[in-house]
Each structure stands twice: as structure tokens, then as C-alpha cells.
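Colleague: Here it is, the structure, as C-alpha cells.
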Amino acid sequence: MISKGKKVIIGMSGGVDSAVAAWLLKDQGYDVTGLFMHNWEEDGECPAASDWRDVQVVGEKLGIQCYSVNFAKEYMDGVFEYFLREYRAFRTPNPDVLCNRVVKFGAFRDYCNRLGADFIATGHYCKKDGDTLVRAKDTDKDQTYFLNQVKTEQLTNVLFPLGDLIKPRVREIAEELNLPVAHKKDSTGICFIGERKFKKFLQEFLPARSGDIVDTDGHVVGKHDGLMYYTLGQRRGLGIGGVRGEVGRWFVLDKDVKNNRLIVSCGDESALFSKTVYGAEFNVIGKFDMPNTLKCTAKTRYRQPDQAATLCVQNDGRFTLVFDEPQRAVTPGQYAVVYVGDRCLGGGVIESTEK
């Protein structure tokens with residue numbers, strides 16, 4: 001049996017997914033160690049402290065040793081500084097994607113290798129097939145979108161124990177094991193930073209400049225708190241409902257960076273839609289002979305259903321993605337992620353769009 005006695009170090013987050021993943025590995029005969037990544041430092045009580053306590057309790061329950069390691073510098077230098085740069089450029093980044101490449105499959109993987117691990121593991125919902133990345137059985141929880149920038153070599157000797165399970169079954173297993181995290185709420189906050197009021201958090205690092213909110217005719221309809229706090233298609237939090245007697249709900253259409261104006265529209269959303277996406281840094285996961293044009297499916301945000309498209313990738317990683325049907329609010333700074341069937345081919349950063 002390949003697992004017998006093989007040393008696995010699994011990233012433990014304090015949640016139910018990594019807890020059950022750790023038990024599955026132990027049940028399969030692996031020599032399992034849990035490693036909690038402490039990657040954000042601040043004064044006072046922070047979410048990581050509570051999560052680390054949960055990891056310790058789960059470790060005792062499962063009979064595995066768990067340790068904590070600090071990657072705060074790697075996270076700050078490789079992820080959070082990028083996050084701030086993107087917001088300074090008035091783009092909308094996705095730090096969780098870069099966190100996977102830089103921290104979870106970068107610093108964490110390297111650390112585990114130095115400790116002599118035969119495998120590393122995480123609680124991600126996804127699967128591997130050789131050197132390729134494949135969607136999880138639970139398509140609603142599938143996390144291949146967030147792994148689109150992980151390099152092929154970073155997935156060597158990586159295990160994803162939850163790939164063939166659905167989330168309700170994971171919670172059932174946790175209940176059967178009487179784990180204290182069986183009903184713990186899933187984290188939805190920024191990777192490693194946790195859930196908090198986002199605008200207030202961002203204001204601690206980036207000073208904002210308020211300005212006018214204008215409609216497409218240039219009429220001032222309100223005031224914004226800073227262009228960085230808004231994203232294309234956003235409806236909530238604009239504070240301009242019912243202005244000028246317009247029918248329908250206001251939404252963010254564009255940002256006029258030069259004049260510090262937030263451009264909004266009301267009712268008709270046709271101007272929000274685009275068919276062509278231009279981007280850079282396309283990362284191909286696994287061996288793949290990329291044709292000049294590739295029929296595929298793709299998504300530009302995590303919860304978006306797959307959309308039929310055609311991909312063209314240049315040698316320098318720049319890419320063009322043309323959707324069969326126009327897509328709403330494709331946002332620069334986010335990632336376009338491409339699939340061939342259930343295989344996640346990879347993805348790249350969205351730079352601009354065209355109708």
C-alpha cells in the first residue's frame with residue numbers, strides 16, 4: 001500500500017475541511033502531521049488565534065501532532081503588497097489566487113519538503129489526474145478557480161483528500177468523529193486575514209479620496225468614498241437610490257480615474273457586457289499542446305457558471321479570450337480561468353475587455 005508509513009504534512013486551517021482531510025489521510029495509513037500557517041500579524045486578538053486553538057483540539061482528537069509556522073513575511077511581500085498595488089491602480093484583485101501560489105504551494109510546500117515530507121496535502125475541493133488539475137466531485141464547492149496560478153511543479157506530490165466528497169458528507173464525517181469544528185462556519189474573508197468590514201480594513205492601508213458619482217450624462221448624483229472601494233456592476237452601497245426619479249437600480253458602470261469620478265447607470269445594463277477579454281500571465285497547469293485557438297469553457301469570477309469561449313495564448317503569456325455570448329461586469333484585476341471538460345487548464349489576469 002503506497003500510503004503505509006509515508007509522511008504527509010497537511011495544511012490545517014482550523015476549519016472542518018482540513019480536519020476531515022487529515023483524518024482521511026490517517027485512515028488511509030499515512031503518517032500525518034498538521035501544520036497551521038500563521039500569516040497575518042496584528043495587535044490584539046485576531047481570527048488566527050481562534051483557528052489555531054481549533055487546530056490543536058482537532059489534532060488531539062485525531063491523535064496527530066500539529067504545529068504552527070509563521071509565513072507572515074512571505075504573505076506580506078508576495079500577496080498583500082500585490083493586493084494593495086492593485087487597489088492603488090483602481091483594479092479589483094483576488095488575493096486568494098496568489099496566496100495559493102505564493103504561500104500554500106510555495107512557502108508551505110518548501111517548508112514541508114525541508115522537513116522531509118513525502119507528500120503535502122490541503123483541504124481544497126479539487127482533484128489531480130497525473131500532472132493535471134481536475135474539478136472536484138462537489139461542483140458547488142470546487143476550488144480549482146482559486147488554484148489557476150499554481151505552477152505544475154508545485155502540484156507534484158500534493159494530495160487533495162476531499163476531491164471525491166461532497167461538503168454535506170464532509171460535515172457528516174466530522175459529526176461521526178465528534179470533531180468540535182463539525183458545524184463551524186466556512187470562512188469567506190480575505191485569505192488568512194479573515195472576515196471583517198472590508199472598507200474599514202482597506203482604509204487602514206490606503207488613504208482614499210472622495211469624489212463625485214456621475215451618471216452617463218455627467219450629472220452629479222452623489223458622492224463616493226474612494227474609487228478603490230467600488231467594482232464594476234456593483235449595486236449595493238452606492239447611497240444614491242431614487243436619485244433624479246430614474247427607474248431601476250443604479251450600478252457601477254466605470255471609473256473615471258483621471259477626474260476621480262465614479263460613473264453609474266440605471267436600468268439598462270447592456271454597457272456592462274463584453275465578449276472579448278484581454279489579459280496576461282496565463283498559467284498552463286500540466287503538459288498541454290496549446291493550439292493557435294482552443295475551444296473551451298471559462299469563467300471570470302468564482303461563482304459564475306462555465307461559459308463557452310475560444311482561447312488564444314501567446315508565448316509571453318498574453319491571451320485573448322472570446323466568449324460565445326457577452327458576459328456581465330468582467331473586471332480588470334480578476335482572473336479568467338479556463339477549462340477543457342473537467343480539467344482546469346489554468347488562467348490569467350484580466351487587463352481589459354471589448355464589446
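By order in the C-alpha cells, chains are A, B, ...; within a chain, residues start at 1; ligands start at 1, following the order shown.
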Just asking: which residues within region 202-335 of chain A are strand (DSSP E or B) according to DSSP, as a ChimeraX atom specification?
Modeller: /A:211-214,220-224,250-256,261-266,273-284,294-299,307-313,319-328,335
Colleague: Region 150-165 of chain A: which residues within 8 Å, counting only C-alpha atoms, same-chain residues fewer than 2 positions away excluded, as a VMD selection string?
Modeller: chain A and resid 17 21 24 to 25 100 to 101 105 to 106 109 118 to 128 131 to 132 135 to 138 147 to 148 167 169 to 170 283 to 286
Colleague: Ranking A:Gly130, A:Val32, A:Cys266, A:Lys184 by minimum distance to Val214 (chain A) and counting only C-alpha atoms, which one comes first?
Modeller: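 When distances to Val214 (chain A) are compared using only C-alpha atoms, the smallest one comes from A:Cys266.
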Colleague: When you draw a straight line from CA of Leu84 (chain A) to CA of Asp212 (chain A), how long is it in Å?
Modeller: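 So the two atoms, CA of Leu84 (chain A) and CA of Asp212 (chain A), lie 23.0 Å apart.
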Colleague: Give me, please, the distance in Å between CA of Val102 (chain A) and CA of Glu86 (chain A), quoted to one decimal.
Modeller: 16.6 Å
Colleague: Do you have the CA of Glu41 (chain A)-CA of Glu74 (chain A) distance handy?
Modeller: 12.0 Å
Colleague: Go through region 68-118 of chain A residue by residue and, counting only C-alpha atoms, keep those with an atom at most 9 Å from region 313-332 of chain A; for each kept residue give the shortest atom pair and its distance in Å to one decimal, ordered by chain and increasing number, as CSV.
Modeller:
```
residue,atom,partner,partner_atom,distance
A:Arg91,CA,A:Pro332,CA,5.8
A:Thr92,CA,A:Pro332,CA,6.5
A:Pro93,CA,A:Pro332,CA,8.0
```
Colleague: Output N, CA, C and O atoms of each residue in that selection to a file, as a short mmCIF file (atom, residue, chain, number, x, y, z; two decimals), in the first residue's frame.
Modeller:
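Printed below is selection.cif as written:
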```
data_model
loop_
_atom_site.label_atom_id
_atom_site.label_comp_id
_atom_site.auth_asym_id
_atom_site.auth_seq_id
_atom_site.Cartn_x
_atom_site.Cartn_y
_atom_site.Cartn_z
N ARG A 91 -7.88 48.69 -9.59
CA ARG A 91 -8.34 47.40 -10.09
C ARG A 91 -8.86 46.58 -8.91
O ARG A 91 -8.66 46.94 -7.75
N THR A 92 -9.52 45.46 -9.22
CA THR A 92 -10.10 44.62 -8.18
C THR A 92 -9.37 43.29 -8.15
O THR A 92 -9.66 42.41 -8.96
N PRO A 93 -8.41 43.12 -7.25
CA PRO A 93 -7.60 41.89 -7.23
C PRO A 93 -8.30 40.73 -6.53
O PRO A 93 -9.30 40.91 -5.84
#
```
